[in-house]
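Peer 1: Dropping in work_14.txt, which is compact mmCIF, C-alpha atoms:
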```txt
# COMPACT_ATOMS: atom_id res chain seq x y z
CA MET A 358 1.14 63.70 174.28
CA LYS A 359 1.05 61.60 171.11
CA ILE A 360 3.94 62.09 168.68
CA LEU A 361 4.43 60.71 165.17
CA ASN A 362 8.13 60.17 164.38
CA ILE A 363 8.73 60.20 160.61
CA ILE A 364 11.98 58.49 159.57
CA LEU A 365 11.58 58.27 155.79
CA GLY A 366 14.76 57.60 153.85
CA MET A 367 16.92 56.92 156.89
CA SER A 368 19.24 53.93 156.77
CA LEU A 369 19.35 51.26 159.46
CA GLY A 370 22.17 52.83 161.44
CA GLY A 371 22.93 55.02 164.41
CA ALA A 372 20.22 57.58 163.70
CA ALA A 373 17.53 54.90 163.47
CA MET A 374 18.78 53.34 166.70
CA PHE A 375 18.60 56.74 168.36
CA VAL A 376 15.00 57.25 167.20
CA ARG A 377 14.03 53.86 168.60
CA ASN A 378 15.70 54.51 171.94
CA LEU A 379 14.36 58.04 172.23
CA CYS A 380 10.81 56.78 171.69
CA ARG A 381 11.37 54.04 174.25
CA VAL A 382 12.79 56.29 176.98
CA SER A 383 10.70 59.43 176.43
CA ARG A 384 7.73 59.89 178.74
CA HIS A 385 5.41 60.62 175.79
CA ASP A 386 3.43 58.30 173.51
CA HIS A 387 5.46 57.74 170.35
CA HIS A 388 4.53 56.17 167.02
CA ILE A 389 6.90 55.62 164.08
CA LEU A 390 6.26 56.06 160.35
CA GLY A 391 8.67 54.48 157.86
CA ILE A 392 8.81 53.71 154.15
CA GLN A 393 9.42 49.99 154.44
CA PRO A 394 8.17 47.03 156.47
CA LYS A 395 9.11 47.28 160.12
CA TRP A 396 12.88 47.19 160.58
CA GLU A 397 14.23 44.48 162.78
CA ILE A 398 15.73 47.19 164.95
CA MET A 399 12.22 48.44 165.69
CA ASP A 400 10.88 45.01 166.61
CA VAL A 401 12.37 45.10 170.10
CA SER A 402 10.87 48.47 170.97
CA GLY A 403 7.20 47.49 171.01
CA LEU A 404 6.37 50.84 169.41
CA PRO A 405 3.43 51.31 167.01
CA TYR A 406 4.97 51.29 163.53
CA PHE A 407 3.25 52.33 160.30
CA GLU A 408 4.47 51.80 156.75
CA CYS A 409 4.15 54.78 154.44
CA LEU A 410 2.22 53.57 151.38
CA SER A 411 0.96 56.89 150.00
CA VAL A 412 0.42 60.51 150.96
CA GLY A 413 -3.27 59.75 151.36
CA SER A 414 -2.62 56.92 153.80
CA VAL A 415 -0.40 59.18 155.90
CA ARG A 416 -3.04 61.87 155.99
CA ARG A 417 -5.63 59.34 157.12
CA LEU A 418 -3.24 58.07 159.80
CA ILE A 419 -2.67 61.57 161.16
CA HIS A 420 -6.40 62.30 161.14
CA ARG A 421 -7.26 58.99 162.82
CA GLU A 422 -4.61 59.05 165.55
CA ARG A 423 -4.95 62.78 166.34
CA TYR A 424 -1.25 63.42 166.91
CA ASP A 425 -0.10 66.38 168.99
CA LEU A 426 3.23 66.70 167.17
CA LEU A 427 4.85 65.61 163.91
CA HIS A 428 8.55 64.89 164.47
CA TRP A 429 10.54 64.67 161.24
CA HIS A 430 13.91 62.87 161.51
CA TRP A 431 15.82 64.52 158.68
CA TRP A 432 19.01 63.83 156.78
CA GLN A 433 18.02 65.01 153.30
CA PRO A 434 14.92 66.48 151.59
CA LEU A 435 11.75 64.35 151.79
CA ASP A 436 8.98 64.42 149.19
CA LEU A 437 6.39 63.50 151.81
CA MET A 438 7.25 66.62 153.78
CA THR A 439 6.40 68.74 150.72
CA HIS A 440 3.13 66.95 150.05
CA LEU A 441 1.96 67.16 153.66
CA ALA A 442 2.83 70.84 153.78
CA ASP A 443 0.16 71.43 151.12
CA TRP A 444 -2.35 70.06 153.61
CA ASN A 445 -2.74 72.29 156.64
CA THR A 446 -2.53 69.76 159.45
CA GLY A 447 -2.73 72.35 162.19
CA ILE A 448 -0.22 70.25 164.13
CA PRO A 449 3.13 71.59 165.44
CA GLN A 450 6.07 70.26 163.43
CA MET A 451 9.60 69.60 164.60
CA VAL A 452 12.65 68.68 162.50
CA THR A 453 15.63 66.88 164.02
CA VAL A 454 18.69 67.01 161.75
CA HIS A 455 20.77 63.84 162.04
CA VAL A 456 23.66 64.90 159.77
CA TYR A 457 26.48 67.42 159.80
CA GLY A 458 25.25 69.01 156.57
CA TYR A 459 27.89 71.19 154.95
CA GLU A 460 26.66 70.82 151.35
CA PRO A 461 23.45 69.82 149.47
CA PRO A 462 21.44 67.67 149.68
CA TYR A 463 22.30 67.44 153.38
CA VAL A 464 21.53 71.11 154.07
CA LEU A 465 18.15 72.35 155.28
CA GLY A 466 16.36 74.38 152.64
CA GLN A 467 14.11 77.37 153.14
CA PHE A 468 11.10 75.09 152.86
CA GLU A 469 12.10 72.95 155.86
CA ILE A 470 13.06 76.02 157.87
CA GLU A 471 9.68 77.68 157.29
CA LEU A 472 7.74 74.46 157.93
CA ALA A 473 9.37 73.66 161.28
CA ASP A 474 8.26 75.17 164.56
CA LYS A 475 11.52 73.87 166.07
CA ILE A 476 14.76 72.59 164.49
CA VAL A 477 17.05 70.38 166.56
CA PHE A 478 20.66 69.69 165.59
CA VAL A 479 22.27 66.65 167.21
CA THR A 480 25.79 68.06 167.05
CA PRO A 481 26.72 71.53 168.38
CA SER A 482 29.13 72.33 165.57
CA ALA A 483 26.24 72.36 163.08
CA LEU A 484 25.25 75.80 164.38
CA GLY A 485 28.53 77.20 163.11
CA LEU A 486 27.94 76.15 159.51
CA PRO A 487 27.22 79.09 157.19
CA GLU A 488 24.22 77.19 155.82
CA ASN A 489 22.53 77.28 159.25
CA ARG A 490 23.35 80.78 160.47
CA ASP A 491 20.26 82.40 158.96
CA ILE A 492 17.78 80.11 160.73
CA PRO A 493 15.75 82.21 163.20
CA GLU A 494 17.28 81.83 166.64
CA HIS A 495 13.97 81.02 168.33
CA LYS A 496 13.57 77.96 166.09
CA VAL A 497 16.94 76.34 166.80
CA CYS A 498 18.40 74.26 169.59
CA VAL A 499 21.08 71.59 170.04
CA ILE A 500 20.45 68.28 171.78
CA ASN A 501 23.18 65.66 171.72
CA ALA A 502 21.76 62.43 170.33
CA GLY A 503 22.58 59.81 172.93
CA ALA A 504 23.39 56.12 172.75
CA ASP A 505 21.90 53.44 174.98
CA LEU A 506 24.85 53.14 177.35
CA ALA A 507 23.55 50.63 179.89
CA PRO A 508 24.78 47.41 178.19
CA PHE A 509 28.31 48.78 177.83
CA LEU A 510 28.67 50.10 181.36
CA LYS A 511 28.74 46.47 182.54
CA ILE A 512 32.03 45.78 180.75
CA GLU A 513 35.00 45.41 183.09
CA ARG A 514 38.56 45.99 181.88
CA THR A 515 41.09 43.32 182.92
CA ASP A 516 44.70 42.55 182.02
CA ARG A 517 45.10 39.94 179.31
CA PRO A 518 47.65 38.94 176.69
CA GLY A 519 47.73 40.61 173.29
CA PHE A 520 46.51 44.02 172.17
CA VAL A 521 43.36 44.48 170.09
CA ILE A 522 42.52 47.70 168.27
CA GLY A 523 38.99 48.05 166.95
CA ARG A 524 36.62 50.22 164.98
CA ALA A 525 32.87 50.06 164.35
CA GLY A 526 30.77 51.77 161.70
CA VAL A 527 29.62 51.60 158.11
CA LEU A 528 32.42 51.28 155.57
CA ASN A 529 31.57 54.00 153.06
CA ARG A 530 33.22 57.17 151.80
CA SER A 531 31.47 59.42 154.29
CA LYS A 532 32.64 57.37 157.29
CA CYS A 533 36.03 55.96 156.20
CA PRO A 534 39.15 57.53 154.74
CA GLY A 535 40.34 55.53 151.76
CA ASP A 536 43.75 54.90 153.38
CA ILE A 537 42.39 53.55 156.67
CA VAL A 538 44.01 50.12 156.24
CA ASP A 539 47.36 51.51 155.11
CA VAL A 540 47.47 53.78 158.15
CA LEU A 541 46.61 51.02 160.62
CA LYS A 542 49.27 48.75 159.07
CA ARG A 543 51.88 51.38 160.00
CA ILE A 544 51.20 50.98 163.72
CA GLN A 545 54.28 49.32 165.21
CA ILE A 546 52.80 47.17 167.94
CA PRO A 547 54.16 43.62 167.52
CA GLU A 548 51.19 41.81 169.02
CA ALA A 549 48.45 44.11 167.70
CA GLU A 550 45.33 42.72 166.06
CA PHE A 551 42.65 44.79 164.34
CA LEU A 552 38.91 44.14 164.45
CA VAL A 553 36.55 46.06 162.17
CA ALA A 554 32.80 45.84 162.83
CA GLY A 555 30.52 47.01 160.04
CA ASP A 556 30.05 46.58 156.33
CA GLY A 557 29.81 48.70 153.23
CA GLU A 558 30.97 49.43 149.72
CA LEU A 559 34.63 49.87 150.70
CA ARG A 560 35.09 46.56 152.50
CA LYS A 561 36.35 44.50 149.56
CA GLY A 562 38.87 47.16 148.63
CA PHE A 563 40.14 47.34 152.21
CA GLU A 564 40.55 43.56 152.36
CA LYS A 565 42.62 43.66 149.15
CA GLN A 566 44.98 46.20 150.75
CA LEU A 567 45.95 43.87 153.59
CA GLY A 568 48.69 41.94 151.80
CA ASN A 569 51.01 40.22 154.25
CA ASP A 570 49.11 41.73 157.19
CA SER A 571 45.88 39.84 156.49
CA HIS A 572 46.45 37.63 159.55
CA ARG A 573 46.24 40.70 161.81
CA PHE A 574 42.98 42.12 160.43
CA VAL A 575 39.48 40.73 160.78
CA PHE A 576 36.53 42.35 159.00
CA LEU A 577 33.53 41.12 160.96
CA GLY A 578 30.72 42.62 158.90
CA PHE A 579 27.51 43.47 160.72
CA VAL A 580 27.93 42.63 164.42
CA ARG A 581 24.92 41.96 166.64
CA ASP A 582 26.83 41.47 169.89
CA MET A 583 28.38 44.90 170.27
CA VAL A 584 28.94 44.38 173.98
CA GLY A 585 31.14 41.40 173.17
CA PHE A 586 32.89 43.40 170.46
CA TYR A 587 33.83 46.32 172.70
CA ALA A 588 34.77 43.96 175.53
CA SER A 589 37.32 42.27 173.25
CA LEU A 590 39.16 45.53 172.50
CA ASP A 591 42.02 47.33 174.24
CA LEU A 592 41.88 50.51 172.14
CA TYR A 593 39.23 52.16 169.97
CA CYS A 594 40.61 53.87 166.87
CA TYR A 595 38.07 55.87 164.87
CA GLN A 596 38.98 57.67 161.67
CA LEU A 597 36.47 59.86 159.86
CA PRO A 598 37.18 61.79 156.66
CA ALA A 599 37.67 65.54 157.00
CA LYS A 600 34.47 66.01 155.00
CA SER A 601 32.04 63.66 156.65
CA TYR A 602 28.32 63.93 157.35
CA ALA A 603 28.86 62.14 160.67
CA ALA A 604 27.15 63.86 163.60
CA ALA A 605 26.21 62.11 166.85
CA GLU A 606 28.32 58.98 166.22
CA LEU A 607 26.75 56.71 168.79
CA ASN A 608 29.60 54.22 168.40
CA ILE A 609 32.01 56.67 170.04
CA GLN A 610 29.63 57.06 172.97
CA GLU A 611 29.35 53.27 173.24
CA ALA A 612 33.14 52.92 173.24
CA MET A 613 33.37 55.56 175.98
CA ALA A 614 30.79 53.70 178.06
CA ALA A 615 32.77 50.50 177.49
CA ALA A 616 35.73 52.26 179.19
CA LEU A 617 37.92 52.13 176.10
CA PRO A 618 40.76 54.58 175.46
CA ILE A 619 39.92 56.31 172.15
CA VAL A 620 42.04 57.75 169.37
CA MET A 621 40.15 59.61 166.66
CA PHE A 622 40.38 62.17 163.88
CA PRO A 623 38.75 65.57 164.60
CA SER A 624 35.81 65.27 162.21
CA PRO A 625 33.78 68.50 162.69
CA GLY A 626 30.46 66.80 163.44
CA ALA A 627 31.82 64.39 166.07
CA ARG A 628 34.81 66.31 167.46
CA HIS A 629 32.89 67.53 170.51
CA LEU A 630 32.59 64.00 171.91
CA ILE A 631 36.26 63.72 172.90
CA GLU A 632 38.39 66.12 174.94
CA HIS A 633 42.02 65.63 173.95
CA GLY A 634 44.15 64.26 176.75
CA VAL A 635 41.16 63.82 179.05
CA THR A 636 38.68 61.39 177.49
CA GLY A 637 40.75 60.35 174.50
CA LEU A 638 43.39 61.52 172.04
CA ILE A 639 42.73 63.58 168.90
CA ALA A 640 44.99 62.93 165.91
CA HIS A 641 45.29 65.68 163.31
CA SER A 642 47.14 63.49 160.82
CA ALA A 643 47.80 59.87 160.01
CA ASP A 644 51.24 60.18 161.58
CA GLU A 645 49.72 61.47 164.82
CA LEU A 646 47.18 58.67 164.88
CA VAL A 647 49.93 56.07 164.58
CA THR A 648 51.97 57.79 167.30
CA HIS A 649 48.98 58.06 169.67
CA CYS A 650 48.17 54.36 169.29
CA GLU A 651 51.77 53.33 169.91
CA THR A 652 52.05 55.66 172.92
CA LEU A 653 48.93 54.29 174.55
CA TYR A 654 50.11 50.73 173.98
CA GLN A 655 53.27 51.54 175.93
CA ASP A 656 51.52 53.52 178.69
CA ARG A 657 48.99 51.38 180.55
CA ASP A 658 48.39 54.09 183.17
CA ALA A 659 47.46 56.64 180.49
CA ARG A 660 45.01 54.16 178.98
CA ALA A 661 43.41 53.63 182.37
CA VAL A 662 43.00 57.37 183.00
CA LEU A 663 41.41 57.98 179.59
CA SER A 664 39.13 54.98 180.08
CA ARG A 665 37.84 56.16 183.47
CA ASN A 666 37.35 59.72 182.27
CA ALA A 667 35.57 58.62 179.11
CA ARG A 668 33.05 56.46 180.98
CA LYS A 669 32.40 59.13 183.62
CA THR A 670 31.92 61.87 180.99
CA VAL A 671 29.64 59.95 178.65
CA VAL A 672 27.32 59.03 181.52
CA ALA A 673 27.16 62.63 182.74
CA GLN A 674 26.84 64.42 179.40
CA TYR A 675 25.50 62.00 176.80
CA GLY A 676 23.46 58.82 176.70
CA ILE A 677 19.83 58.33 175.73
CA GLU A 678 18.42 59.28 179.14
CA ASN A 679 20.00 62.75 178.95
CA SER A 680 18.80 63.13 175.36
CA ALA A 681 15.26 62.05 176.17
CA ARG A 682 14.94 64.55 179.02
CA ALA A 683 16.02 67.39 176.74
CA PHE A 684 13.73 66.27 173.90
CA ASP A 685 10.80 65.89 176.27
CA GLN A 686 11.18 69.53 177.29
CA VAL A 687 11.06 70.61 173.63
CA PHE A 688 8.07 68.36 172.94
CA ALA A 689 6.18 69.90 175.85
CA SER A 690 7.00 73.46 174.76
CA LEU A 691 5.68 72.84 171.24
CA ALA A 692 2.46 71.10 172.16
CA GLY A 693 1.70 73.26 175.17
```
Represent the structure from my file as structure tokens, please.
Peer 2:
Amino acid sequence: MKILNIILGMSLGGAAMFVRNLCRVSRHDHHILGIQPKWEIMDVSGLPYFECLSVGSVRRLIHRERYDLLHWHWWQPLDLMTHLADWNTGIPQMVTVHVYGYEPPYVLGQFEIELADKIVFVTPSALGLPENRDIPEHKVCVINAGADLAPFLKIERTDRPGFVIGRAGVLNRSKCPGDIVDVLKRIQIPEAEFLVAGDGELRKGFEKQLGNDSHRFVFLGFVRDMVGFYASLDLYCYQLPAKSYAAAELNIQEAMAAALPIVMFPSPGARHLIEHGVTGLIAHSADELVTHCETLYQDRDARAVLSRNARKTVVAQYGIENSARAFDQVFASLAG
């Protein structure tokens, strides 16, 4: 089966990485269509990549390659989707929603719902949103978007001096509470250091908030060696705003595979990834987050239990191999 994956308008982040890995692991023949020259992240996949220059060029591509399925990777409305809908391709169409969309423009409209033969949400809580309850049941399914876990499963945890708390992810208002630095500064662990991987519009403001604690915080910007990053940590602390579009959050899955104890806020789109007290700790307030971090610092045995459970669970329930098997079943059902 030949599938065209359309990723127009998607940033170079977790969703794009998932698309690349899904296409690599899936047993079908995948091509990718984007709106810009081939992303560096796609270079390592060896996948056929086409740049979207015009509606006409896309139509010619579809006609030439004779695709069996058009797979739209969606996070907000796409003009190309509207234009192609005017042209009866006769090809099954699938929409995978990569956001926890609780308000426009991150909510599927009637147009997308009618166009799609199948709609896949990558986080189970999306089905509970009022905006999604009227989608016909036969069109909807949930498949957890999985991270590539293999590199992180090789990390071994050993005793060492110091205590490093880390976080990875884009630094913007959808992924970071504005008081993230102030909260972390309240953690009373004498030897604690904080590493932040990722960049974004909020970084400069966060760095200004450090004050006398600047020696304990390192903002690393974009990090290529994520294995080395997770290996350097003792605790993963992930805060998402209460209203966040975050869904699959591959970084949490990576941290679980790296056997890190995790403390996180219960953001609706990503809450399902962690079971409180089993694979991590859920903090319902800034005070709880501080307490959880301090407790885990004091209790090495508790950290070890959470670490083992997190790695075992992410391998069994998440990861790109599990995702690809589930997606392959949907692909086959649509093109069959």
Peer 1: Which is closest to Asn679 of chain A among A:Leu361, A:Ile500, A:Leu435, A:Leu465, if we use only C-alpha atoms?
Peer 2: A:Ile500
Peer 1: At a cut-off of 9 Å, using all atoms listed in the file, what residues contact segment 592-605 of chain A? Leave out same-chain residues fewer than 5 positions from it and give the result as a ChimeraX atom specification.
Peer 2: /A:371-372,455-459,463,478-480,482-483,501-504,520-526,530-535,537,587,610,612,617-628,630,646,650,653-654,660
Peer 1: For Leu607 of chain A, which residue out of A:Gly403, A:Gly562, A:Gly637, A:Gly676 is the nearest one, using only C-alpha atoms?
Peer 2: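 Checking each candidate against Leu607 of chain A, we get A:Gly676 as the closest.
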Peer 1: Would you kindly return, as a list of chain:residue names, each protein, DNA or RNA residue with an atom no farther than 12 Å from any atom of Ser411 of chain A, considering only C-alpha atoms and excluding same-chain residues fewer than 6 positions away?
Peer 2: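 Listing them by chain and then by number gives A:Leu390, A:Gly391, A:Ile392, A:Gln393, A:Arg417, A:Leu418, A:Asp436, A:Leu437, A:His440, A:Leu441.
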Peer 1: Output the selection as a compact mmCIF listing (two decimals), in the coordinates of the input - C-alpha atoms for each residue.
Peer 2:
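Heads up, here's the output in out27.txt:
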```txt
# COMPACT_ATOMS: atom_id res chain seq x y z
CA LEU A 390 6.26 56.06 160.35
CA GLY A 391 8.67 54.48 157.86
CA ILE A 392 8.81 53.71 154.15
CA GLN A 393 9.42 49.99 154.44
CA ARG A 417 -5.63 59.34 157.12
CA LEU A 418 -3.24 58.07 159.80
CA ASP A 436 8.98 64.42 149.19
CA LEU A 437 6.39 63.50 151.81
CA HIS A 440 3.13 66.95 150.05
CA LEU A 441 1.96 67.16 153.66
```
Peer 1: Counting all atoms listed in the file, what are the residues of segment 570-689 of chain A within 10 Å of segment 512-519 of chain A, and for each of them which pair of atoms is the nearest and at what distance in Å, to one decimal? Sort the table by chain and rising number, as a tab-separated table.
Peer 2:
```
residue	atom	partner	partner_atom	distance
A:Val584	CA	A:Ile512	CA	7.6
A:Gly585	CA	A:Ile512	CA	8.8
A:Tyr587	CA	A:Ile512	CA	8.3
A:Ala588	CA	A:Ile512	CA	6.2
A:Ser589	CA	A:Arg514	CA	9.5
A:Leu590	CA	A:Arg514	CA	9.4
A:Asp591	CA	A:Arg514	CA	8.5
A:Ala614	CA	A:Ile512	CA	8.5
A:Ala615	CA	A:Ile512	CA	5.8
A:Ala616	CA	A:Arg514	CA	7.4
A:Leu617	CA	A:Arg514	CA	8.5
A:Arg657	CA	A:Asp516	CA	9.9
A:Ala661	CA	A:Arg514	CA	9.1
A:Ser664	CA	A:Arg514	CA	9.2
```
Peer 1: Kindly give the distance, in Å, that separates atom CA of Val540 of chain A and atom CA of Asp644 of chain A, rounded to a single decimal.
Peer 2: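 Interatomic distance here is 8.2 Å.
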Peer 1: Grab the atom CA of Ala673 of chain A to atom CA of Cys498 of chain A distance for me, in Å with one decimal place.
Peer 2: 19.6 Å
Peer 1: To one decimal place in Å, what is the distance between atom CA of Gly578 of chain A and atom CA of Glu558 of chain A?
Peer 2: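 A separation of 11.4 Å between them.
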Peer 1: Find the residues around Lys496 of chain A up to 7 Å (only C-alpha atoms counted), leave out those fewer than 5 positions away in its own chain, and share them as an mmCIF file with C-alpha atoms, in the frame of the given file.
Peer 2:
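Result saved to part-v7.cif:
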```
data_model
loop_
_atom_site.group_PDB
_atom_site.id
_atom_site.type_symbol
_atom_site.label_atom_id
_atom_site.label_comp_id
_atom_site.auth_asym_id
_atom_site.auth_seq_id
_atom_site.Cartn_x
_atom_site.Cartn_y
_atom_site.Cartn_z
ATOM 1 C CA ASP A 474 8.260 75.170 164.560
ATOM 2 C CA LYS A 475 11.520 73.870 166.070
ATOM 3 C CA ILE A 476 14.760 72.590 164.490
#
```
Peer 1: Which of these residues is nearest to Gln450 of chain A, using all atoms listed in the file: A:Gly555, A:Asn362, A:Ala373, A:Leu484?
Peer 2: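 Closest to Gln450 of chain A, using all atoms listed in the file: A:Asn362.
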Peer 1: Ranking A:Phe468, A:Phe375, A:Phe586, A:Phe574 by minimum distance to Phe509 of chain A and counting only C-alpha atoms, which one comes first?
Peer 2: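 Selected residue with least distance to Phe509 of chain A: A:Phe586.
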